[in-house]
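*Asks:* Coordinates in work.pdb, PDB, C-alpha atoms, are listed below.
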```
ATOM      1  CA  MET U   9       0.000   0.000   0.000  1.00  0.00           C
ATOM      2  CA  THR U  10       1.150   3.511  -0.762  1.00  0.00           C
ATOM      3  CA  MET U  11      -0.037   6.717   0.898  1.00  0.00           C
ATOM      4  CA  ARG U  12       0.743  10.383   0.153  1.00  0.00           C
ATOM      5  CA  LEU U  13      -0.482  13.673   1.596  1.00  0.00           C
ATOM      6  CA  SER U  14      -0.623  16.639  -0.790  1.00  0.00           C
ATOM      7  CA  PRO U  15      -1.825  20.219  -0.361  1.00  0.00           C
ATOM      8  CA  TYR U  16      -4.974  20.924  -2.397  1.00  0.00           C
ATOM      9  CA  LEU U  17      -5.880  24.560  -3.127  1.00  0.00           C
ATOM     10  CA  MET U  18      -9.553  25.384  -3.729  1.00  0.00           C
ATOM     11  CA  MET U  19      -9.801  28.600  -5.723  1.00  0.00           C
ATOM     12  CA  ASN U  20     -12.680  31.005  -6.317  1.00  0.00           C
ATOM     13  CA  GLY U  21     -12.638  30.953 -10.125  1.00  0.00           C
ATOM     14  CA  ASN U  22      -8.995  31.939 -10.520  1.00  0.00           C
ATOM     15  CA  ALA U  23      -7.231  28.550 -10.533  1.00  0.00           C
ATOM     16  CA  LYS U  24      -5.843  29.094 -14.058  1.00  0.00           C
ATOM     17  CA  GLU U  25      -4.250  32.357 -12.926  1.00  0.00           C
ATOM     18  CA  ALA U  26      -2.887  30.721  -9.751  1.00  0.00           C
ATOM     19  CA  ILE U  27      -1.397  27.841 -11.758  1.00  0.00           C
ATOM     20  CA  GLN U  28       0.425  30.273 -14.069  1.00  0.00           C
ATOM     21  CA  PHE U  29       1.622  32.249 -11.057  1.00  0.00           C
ATOM     22  CA  TYR U  30       3.058  29.171  -9.297  1.00  0.00           C
ATOM     23  CA  GLU U  31       4.672  27.948 -12.516  1.00  0.00           C
ATOM     24  CA  LYS U  32       6.728  31.158 -12.535  1.00  0.00           C
ATOM     25  CA  ALA U  33       7.114  31.727  -8.795  1.00  0.00           C
ATOM     26  CA  LEU U  34       8.013  28.152  -7.825  1.00  0.00           C
ATOM     27  CA  GLY U  35       9.217  26.664 -11.118  1.00  0.00           C
ATOM     28  CA  ALA U  36       6.213  24.304 -10.994  1.00  0.00           C
ATOM     29  CA  LYS U  37       5.486  21.930 -13.871  1.00  0.00           C
ATOM     30  CA  VAL U  38       1.869  21.202 -14.844  1.00  0.00           C
ATOM     31  CA  LEU U  39       1.305  17.428 -14.833  1.00  0.00           C
ATOM     32  CA  PHE U  40      -2.468  17.494 -15.359  1.00  0.00           C
ATOM     33  CA  ASN U  41      -5.120  20.143 -15.958  1.00  0.00           C
ATOM     34  CA  GLN U  42      -8.819  19.512 -16.676  1.00  0.00           C
ATOM     35  CA  THR U  43     -11.810  21.841 -16.767  1.00  0.00           C
ATOM     36  CA  PHE U  44     -15.325  20.959 -15.617  1.00  0.00           C
ATOM     37  CA  GLY U  45     -16.337  21.099 -19.291  1.00  0.00           C
ATOM     38  CA  GLU U  46     -13.817  18.352 -20.128  1.00  0.00           C
ATOM     39  CA  MET U  47     -15.235  15.923 -17.568  1.00  0.00           C
ATOM     40  CA  PRO U  48     -17.436  13.041 -18.754  1.00  0.00           C
ATOM     41  CA  GLU U  49     -21.037  14.195 -19.153  1.00  0.00           C
ATOM     42  CA  ASN U  50     -23.624  13.124 -16.617  1.00  0.00           C
ATOM     43  CA  PRO U  51     -27.226  13.828 -17.717  1.00  0.00           C
ATOM     44  CA  GLU U  52     -28.347  13.874 -14.068  1.00  0.00           C
ATOM     45  CA  PHE U  53     -25.897  16.690 -13.259  1.00  0.00           C
ATOM     46  CA  PRO U  54     -25.390  18.887 -16.329  1.00  0.00           C
ATOM     47  CA  ILE U  55     -22.479  21.315 -16.119  1.00  0.00           C
ATOM     48  CA  PRO U  56     -23.658  24.946 -16.133  1.00  0.00           C
ATOM     49  CA  GLU U  57     -22.159  27.077 -18.899  1.00  0.00           C
ATOM     50  CA  GLU U  58     -20.354  29.340 -16.379  1.00  0.00           C
ATOM     51  CA  ALA U  59     -18.489  26.322 -14.945  1.00  0.00           C
ATOM     52  CA  LYS U  60     -17.217  24.745 -18.157  1.00  0.00           C
ATOM     53  CA  GLU U  61     -13.959  26.749 -18.308  1.00  0.00           C
ATOM     54  CA  LEU U  62     -13.227  26.484 -14.583  1.00  0.00           C
ATOM     55  CA  VAL U  63     -10.538  24.035 -13.418  1.00  0.00           C
ATOM     56  CA  SER U  64     -12.019  20.807 -12.037  1.00  0.00           C
ATOM     57  CA  HIS U  65      -8.599  19.356 -11.176  1.00  0.00           C
ATOM     58  CA  ALA U  66      -4.985  20.230 -11.831  1.00  0.00           C
ATOM     59  CA  MET U  67      -1.742  18.825 -10.502  1.00  0.00           C
ATOM     60  CA  LEU U  68       1.580  20.605 -10.460  1.00  0.00           C
ATOM     61  CA  LYS U  69       4.970  19.236  -9.481  1.00  0.00           C
ATOM     62  CA  VAL U  70       6.985  21.592  -7.279  1.00  0.00           C
ATOM     63  CA  GLY U  71      10.339  19.987  -6.639  1.00  0.00           C
ATOM     64  CA  GLU U  72       9.410  16.594  -5.198  1.00  0.00           C
ATOM     65  CA  THR U  73       5.936  17.694  -4.050  1.00  0.00           C
ATOM     66  CA  ASP U  74       2.547  17.511  -5.772  1.00  0.00           C
ATOM     67  CA  LEU U  75       0.396  20.636  -5.493  1.00  0.00           C
ATOM     68  CA  MET U  76      -3.239  20.228  -6.535  1.00  0.00           C
ATOM     69  CA  PHE U  77      -5.850  22.793  -7.586  1.00  0.00           C
ATOM     70  CA  SER U  78      -9.532  23.118  -8.314  1.00  0.00           C
ATOM     71  CA  ASP U  79     -11.953  25.977  -8.727  1.00  0.00           C
ATOM     72  CA  MET U  80     -15.017  25.966  -6.510  1.00  0.00           C
ATOM     73  CA  PHE U  81     -18.019  24.745  -8.477  1.00  0.00           C
ATOM     74  CA  PRO U  82     -20.633  27.490  -8.958  1.00  0.00           C
ATOM     75  CA  GLY U  83     -22.952  27.451  -5.966  1.00  0.00           C
ATOM     76  CA  GLN U  84     -20.328  26.044  -3.572  1.00  0.00           C
ATOM     77  CA  THR U  85     -19.393  28.292  -0.709  1.00  0.00           C
ATOM     78  CA  SER U  86     -15.984  28.767   0.780  1.00  0.00           C
ATOM     79  CA  GLN U  87     -15.195  29.545   4.402  1.00  0.00           C
ATOM     80  CA  THR U  88     -11.928  30.585   5.954  1.00  0.00           C
ATOM     81  CA  GLY U  89      -9.904  27.415   6.332  1.00  0.00           C
ATOM     82  CA  ASP U  90     -11.494  25.671   3.337  1.00  0.00           C
ATOM     83  CA  GLN U  91      -9.216  27.080   0.659  1.00  0.00           C
ATOM     84  CA  VAL U  92      -6.357  24.737   1.545  1.00  0.00           C
ATOM     85  CA  THR U  93      -7.246  21.091   2.110  1.00  0.00           C
ATOM     86  CA  ILE U  94      -5.096  17.992   2.385  1.00  0.00           C
ATOM     87  CA  CYS U  95      -5.505  15.251  -0.201  1.00  0.00           C
ATOM     88  CA  ILE U  96      -4.734  11.791   1.161  1.00  0.00           C
ATOM     89  CA  SER U  97      -3.974   9.444  -1.738  1.00  0.00           C
ATOM     90  CA  THR U  98      -3.800   5.693  -1.333  1.00  0.00           C
ATOM     91  CA  ASN U  99      -4.090   2.689  -3.632  1.00  0.00           C
ATOM     92  CA  ASP U 100      -6.048   0.633  -1.083  1.00  0.00           C
ATOM     93  CA  ILE U 101      -9.862   1.039  -0.953  1.00  0.00           C
ATOM     94  CA  GLU U 102     -10.107  -0.524   2.518  1.00  0.00           C
ATOM     95  CA  LYS U 103      -7.482   1.900   3.844  1.00  0.00           C
ATOM     96  CA  SER U 104      -9.412   4.807   2.275  1.00  0.00           C
ATOM     97  CA  LYS U 105     -12.597   3.625   4.012  1.00  0.00           C
ATOM     98  CA  GLN U 106     -10.790   3.275   7.343  1.00  0.00           C
ATOM     99  CA  ILE U 107      -9.235   6.758   7.115  1.00  0.00           C
ATOM    100  CA  PHE U 108     -12.529   8.342   5.995  1.00  0.00           C
ATOM    101  CA  GLU U 109     -14.528   6.703   8.810  1.00  0.00           C
ATOM    102  CA  TYR U 110     -11.996   7.703  11.435  1.00  0.00           C
ATOM    103  CA  LEU U 111     -11.765  11.323  10.264  1.00  0.00           C
ATOM    104  CA  SER U 112     -15.605  11.472  10.159  1.00  0.00           C
ATOM    105  CA  GLN U 113     -15.901  10.768  13.903  1.00  0.00           C
ATOM    106  CA  ASP U 114     -17.130  14.023  15.468  1.00  0.00           C
ATOM    107  CA  GLY U 115     -16.431  15.677  12.093  1.00  0.00           C
ATOM    108  CA  GLN U 116     -18.539  16.638   9.093  1.00  0.00           C
ATOM    109  CA  VAL U 117     -18.877  14.620   5.892  1.00  0.00           C
ATOM    110  CA  LYS U 118     -18.877  17.049   2.960  1.00  0.00           C
ATOM    111  CA  MET U 119     -19.025  14.341   0.268  1.00  0.00           C
ATOM    112  CA  PRO U 120     -19.561  10.679   1.163  1.00  0.00           C
ATOM    113  CA  LEU U 121     -16.829   8.249   0.171  1.00  0.00           C
ATOM    114  CA  GLN U 122     -18.054   6.909  -3.163  1.00  0.00           C
ATOM    115  CA  GLU U 123     -17.037   5.760  -6.610  1.00  0.00           C
ATOM    116  CA  ALA U 124     -16.284   8.580  -9.064  1.00  0.00           C
ATOM    117  CA  PHE U 125     -15.215   8.584 -12.689  1.00  0.00           C
ATOM    118  CA  PHE U 126     -11.651   9.355 -11.540  1.00  0.00           C
ATOM    119  CA  SER U 127     -11.449   7.129  -8.449  1.00  0.00           C
ATOM    120  CA  PRO U 128     -12.941   3.893  -7.101  1.00  0.00           C
ATOM    121  CA  ALA U 129     -13.394   5.629  -3.706  1.00  0.00           C
ATOM    122  CA  TYR U 130     -13.338   9.417  -3.210  1.00  0.00           C
ATOM    123  CA  GLY U 131     -14.813  11.609  -0.492  1.00  0.00           C
ATOM    124  CA  ILE U 132     -14.362  14.843   1.441  1.00  0.00           C
ATOM    125  CA  VAL U 133     -14.542  15.180   5.210  1.00  0.00           C
ATOM    126  CA  SER U 134     -13.711  17.844   7.783  1.00  0.00           C
ATOM    127  CA  ASP U 135     -12.405  16.329  10.989  1.00  0.00           C
ATOM    128  CA  LYS U 136     -13.346  17.404  14.510  1.00  0.00           C
ATOM    129  CA  PHE U 137     -10.612  20.066  14.383  1.00  0.00           C
ATOM    130  CA  GLY U 138     -12.058  21.683  11.235  1.00  0.00           C
ATOM    131  CA  VAL U 139      -9.292  20.396   8.932  1.00  0.00           C
ATOM    132  CA  THR U 140     -10.694  19.309   5.562  1.00  0.00           C
ATOM    133  CA  PHE U 141      -9.349  16.178   3.890  1.00  0.00           C
ATOM    134  CA  GLN U 142     -10.003  14.774   0.432  1.00  0.00           C
ATOM    135  CA  ILE U 143      -9.648  10.990   0.426  1.00  0.00           C
ATOM    136  CA  TYR U 144      -8.570   9.815  -3.033  1.00  0.00           C
ATOM    137  CA  THR U 145      -8.113   6.172  -3.938  1.00  0.00           C
ATOM    138  CA  GLU U 146      -5.849   5.557  -6.915  1.00  0.00           C
ATOM    139  CA  GLY U 147      -6.546   2.831  -9.405  1.00  0.00           C
ATOM    140  CA  GLN U 148      -9.018   1.702 -12.005  1.00  0.00           C
ATOM    141  CA  GLN U 149     -12.670   1.189 -11.253  1.00  0.00           C
TER     142      GLN U 149
END
```
The structure given in the file should be rewritten as C-alpha cells.
*Replies:*
Amino acid sequence: MTMRLSPYLMMNGNAKEAIQFYEKALGAKVLFNQTFGEMPENPEFPIPEEAKELVSHAMLKVGETDLMFSDMFPGQTSQTGDQVTICISTNDIEKSKQIFEYLSQDGQVKMPLQEAFFSPAYGIVSDKFGVTFQIYTEGQQ
C-alpha cells in the first residue's frame, strides 16, 4: 500500500491564474489540468455554462511535491480554512474507508466516500478540528 499527503488549493474561479503564477514563482510543472467542461457528461448533473472553463482538477509538481488545484463549483461556498485542504492518496480502498470513517468521527462529511469517474473511492470530510481532507483512492474502477 502507498499513501501520500498533498496540499490541495480550492480557488474562487482563478485557478488558471494561480497555476500560471506558481509555474513562474516556484518553477512548478503542470502534470495534469482539466476543466469541468472536459469531464465526462452526466445527464443527471449537467455542467452549467459558467463552470465549463473552470478548473475541475490540476496537478503541479513543485520539486518533489505535488500541489493540486480546483476551482469551486458554482454554488459552492468557501469559508476561511477551506481554501487549503489535504488530499490523502492511497491505492487501497479498505485503507481509504478506514481513514474516511476515522476522520468522520465528530467531524462533518462534505461528500460521502463513493465511486467517481476518476477514483474507485473518493470523499471529502472535515475532521473534529475543522481540517478538511479529500480521500482519493488511486486505481481503475
*Asks:* Nearest to Pro82 of chain U: which of U:Pro48, U:Gly115, U:Gly21, U:Gly35 is it, counting only C-alpha atoms?
*Replies:*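 Using only C-alpha atoms, the shortest distance to Pro82 of chain U belongs to U:Gly21.
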*Asks:* Go through the shown structure with the PyMOL selection byres ((chain U and resi 55-62) around 10) and write out the matching residues as a PDB file with C-alpha atoms, in the coordinates of the input.
*Replies:*
```pdb
ATOM      1  CA  MET U  19      -9.801  28.600  -5.723  1.00  0.00           C
ATOM      2  CA  ASN U  20     -12.680  31.005  -6.317  1.00  0.00           C
ATOM      3  CA  GLY U  21     -12.638  30.953 -10.125  1.00  0.00           C
ATOM      4  CA  ASN U  22      -8.995  31.939 -10.520  1.00  0.00           C
ATOM      5  CA  ALA U  23      -7.231  28.550 -10.533  1.00  0.00           C
ATOM      6  CA  LYS U  24      -5.843  29.094 -14.058  1.00  0.00           C
ATOM      7  CA  GLN U  42      -8.819  19.512 -16.676  1.00  0.00           C
ATOM      8  CA  THR U  43     -11.810  21.841 -16.767  1.00  0.00           C
ATOM      9  CA  PHE U  44     -15.325  20.959 -15.617  1.00  0.00           C
ATOM     10  CA  GLY U  45     -16.337  21.099 -19.291  1.00  0.00           C
ATOM     11  CA  GLU U  46     -13.817  18.352 -20.128  1.00  0.00           C
ATOM     12  CA  MET U  47     -15.235  15.923 -17.568  1.00  0.00           C
ATOM     13  CA  GLU U  49     -21.037  14.195 -19.153  1.00  0.00           C
ATOM     14  CA  ASN U  50     -23.624  13.124 -16.617  1.00  0.00           C
ATOM     15  CA  PRO U  51     -27.226  13.828 -17.717  1.00  0.00           C
ATOM     16  CA  GLU U  52     -28.347  13.874 -14.068  1.00  0.00           C
ATOM     17  CA  PHE U  53     -25.897  16.690 -13.259  1.00  0.00           C
ATOM     18  CA  PRO U  54     -25.390  18.887 -16.329  1.00  0.00           C
ATOM     19  CA  VAL U  63     -10.538  24.035 -13.418  1.00  0.00           C
ATOM     20  CA  SER U  64     -12.019  20.807 -12.037  1.00  0.00           C
ATOM     21  CA  HIS U  65      -8.599  19.356 -11.176  1.00  0.00           C
ATOM     22  CA  SER U  78      -9.532  23.118  -8.314  1.00  0.00           C
ATOM     23  CA  ASP U  79     -11.953  25.977  -8.727  1.00  0.00           C
ATOM     24  CA  MET U  80     -15.017  25.966  -6.510  1.00  0.00           C
ATOM     25  CA  PHE U  81     -18.019  24.745  -8.477  1.00  0.00           C
ATOM     26  CA  PRO U  82     -20.633  27.490  -8.958  1.00  0.00           C
TER      27      PRO U  82
END
```
*Asks:* Enter the distance from atom CA of Asp74 of chain U to atom CA of Val117 of chain U, in Å, rounded to one decimal.
*Replies:*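 Value for the atom CA of Asp74 of chain U-atom CA of Val117 of chain U distance: 24.6 Å.
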*Asks:* Might you spell out which residues the PyMOL selection byres ((chain U and resi 123) around 12) would select in the displayed file, as a PyMOL selection string?
*Replies:* chain U and resi 101+104-105+119-122+124-131+143-149
*Asks:* Using only C-alpha atoms, pick whichever of U:Tyr30, U:Phe77, U:Phe137, U:Phe108 has the shortest atom-to-atom distance to Met18 of chain U.
*Replies:* U:Phe77
*Asks:* Could you tell me which of U:Glu72, U:Ala26, U:Ile96, U:Leu34 comes closest to Thr10 of chain U if we count all atoms listed in the file?
*Replies:*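 The closest residue to Thr10 of chain U is U:Ile96.
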*Asks:* What separation in Å, quoted to one decimal, exists between atom CA of Leu17 of chain U and atom CA of Gly83 of chain U?
*Replies:*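 Atom CA of Gly83 of chain U lies 17.5 Å from atom CA of Leu17 of chain U.
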*Asks:* Would you compute the distance between atom CA of Ile94 of chain U and atom CA of Met11 of chain U? Give it in Å to one decimal.
*Replies:* 12.4 Å
*Asks:* Please determine, counting only C-alpha atoms, which residue among U:Lys118, U:Arg12, U:Lys136, U:Lys69 has the shortest atom-to-atom distance to Ser97 of chain U.
*Replies:*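 Under the stated criterion, the closest residue is U:Arg12.
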*Asks:* Which residues come within 8 Å of Ala36 of chain U, counting only C-alpha atoms, excluding same-chain residues fewer than 2 positions away, as number ranges by chain?
*Replies:* U: 30-34, 38, 68-71
*Asks:* Could you model N, CA and C atoms for segment 91-109 of chain U and present them as an mmCIF file, in the frame of the given file?
*Replies:*
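Result saved to part.cif:
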```cif
data_model
loop_
_atom_site.group_PDB
_atom_site.id
_atom_site.type_symbol
_atom_site.label_atom_id
_atom_site.label_comp_id
_atom_site.auth_asym_id
_atom_site.auth_seq_id
_atom_site.Cartn_x
_atom_site.Cartn_y
_atom_site.Cartn_z
ATOM 1 N N GLN U 91 -9.939 26.887 1.907
ATOM 2 C CA GLN U 91 -9.216 27.080 0.659
ATOM 3 C C GLN U 91 -8.067 26.087 0.508
ATOM 4 N N VAL U 92 -7.431 25.720 1.599
ATOM 5 C CA VAL U 92 -6.357 24.737 1.545
ATOM 6 C C VAL U 92 -6.841 23.482 2.258
ATOM 7 N N THR U 93 -6.893 22.373 1.524
ATOM 8 C CA THR U 93 -7.246 21.091 2.110
ATOM 9 C C THR U 93 -6.053 20.154 1.945
ATOM 10 N N ILE U 94 -6.151 18.994 2.532
ATOM 11 C CA ILE U 94 -5.096 17.992 2.385
ATOM 12 C C ILE U 94 -5.691 16.804 1.653
ATOM 13 N N CYS U 95 -5.067 16.414 0.559
ATOM 14 C CA CYS U 95 -5.505 15.251 -0.201
ATOM 15 C C CYS U 95 -4.690 14.049 0.264
ATOM 16 N N ILE U 96 -5.384 13.045 0.770
ATOM 17 C CA ILE U 96 -4.734 11.791 1.161
ATOM 18 C C ILE U 96 -4.970 10.811 0.026
ATOM 19 N N SER U 97 -3.903 10.389 -0.616
ATOM 20 C CA SER U 97 -3.974 9.444 -1.738
ATOM 21 C C SER U 97 -3.469 8.090 -1.281
ATOM 22 N N THR U 98 -4.224 7.058 -1.616
ATOM 23 C CA THR U 98 -3.800 5.693 -1.333
ATOM 24 C C THR U 98 -4.277 4.797 -2.474
ATOM 25 N N ASN U 99 -3.677 3.635 -2.591
ATOM 26 C CA ASN U 99 -4.090 2.689 -3.632
ATOM 27 C C ASN U 99 -4.872 1.524 -3.035
ATOM 28 N N ASP U 100 -5.368 1.696 -1.810
ATOM 29 C CA ASP U 100 -6.048 0.633 -1.083
ATOM 30 C C ASP U 100 -7.430 1.135 -0.646
ATOM 31 N N ILE U 101 -8.499 0.591 -1.252
ATOM 32 C CA ILE U 101 -9.862 1.039 -0.953
ATOM 33 C C ILE U 101 -10.193 0.843 0.530
ATOM 34 N N GLU U 102 -9.807 -0.278 1.103
ATOM 35 C CA GLU U 102 -10.107 -0.524 2.518
ATOM 36 C C GLU U 102 -9.421 0.503 3.410
ATOM 37 N N LYS U 103 -8.194 0.872 3.071
ATOM 38 C CA LYS U 103 -7.482 1.900 3.844
ATOM 39 C C LYS U 103 -8.196 3.246 3.696
ATOM 40 N N SER U 104 -8.660 3.565 2.494
ATOM 41 C CA SER U 104 -9.412 4.807 2.275
ATOM 42 C C SER U 104 -10.664 4.835 3.150
ATOM 43 N N LYS U 105 -11.386 3.711 3.190
ATOM 44 C CA LYS U 105 -12.597 3.625 4.012
ATOM 45 C C LYS U 105 -12.266 3.827 5.486
ATOM 46 N N GLN U 106 -11.201 3.183 5.939
ATOM 47 C CA GLN U 106 -10.790 3.275 7.343
ATOM 48 C C GLN U 106 -10.433 4.725 7.703
ATOM 49 N N ILE U 107 -9.635 5.366 6.866
ATOM 50 C CA ILE U 107 -9.235 6.758 7.115
ATOM 51 C C ILE U 107 -10.458 7.664 7.116
ATOM 52 N N PHE U 108 -11.339 7.503 6.115
ATOM 53 C CA PHE U 108 -12.529 8.342 5.995
ATOM 54 C C PHE U 108 -13.422 8.191 7.237
ATOM 55 N N GLU U 109 -13.663 6.952 7.648
ATOM 56 C CA GLU U 109 -14.528 6.703 8.810
ATOM 57 C C GLU U 109 -13.935 7.311 10.074
#
```
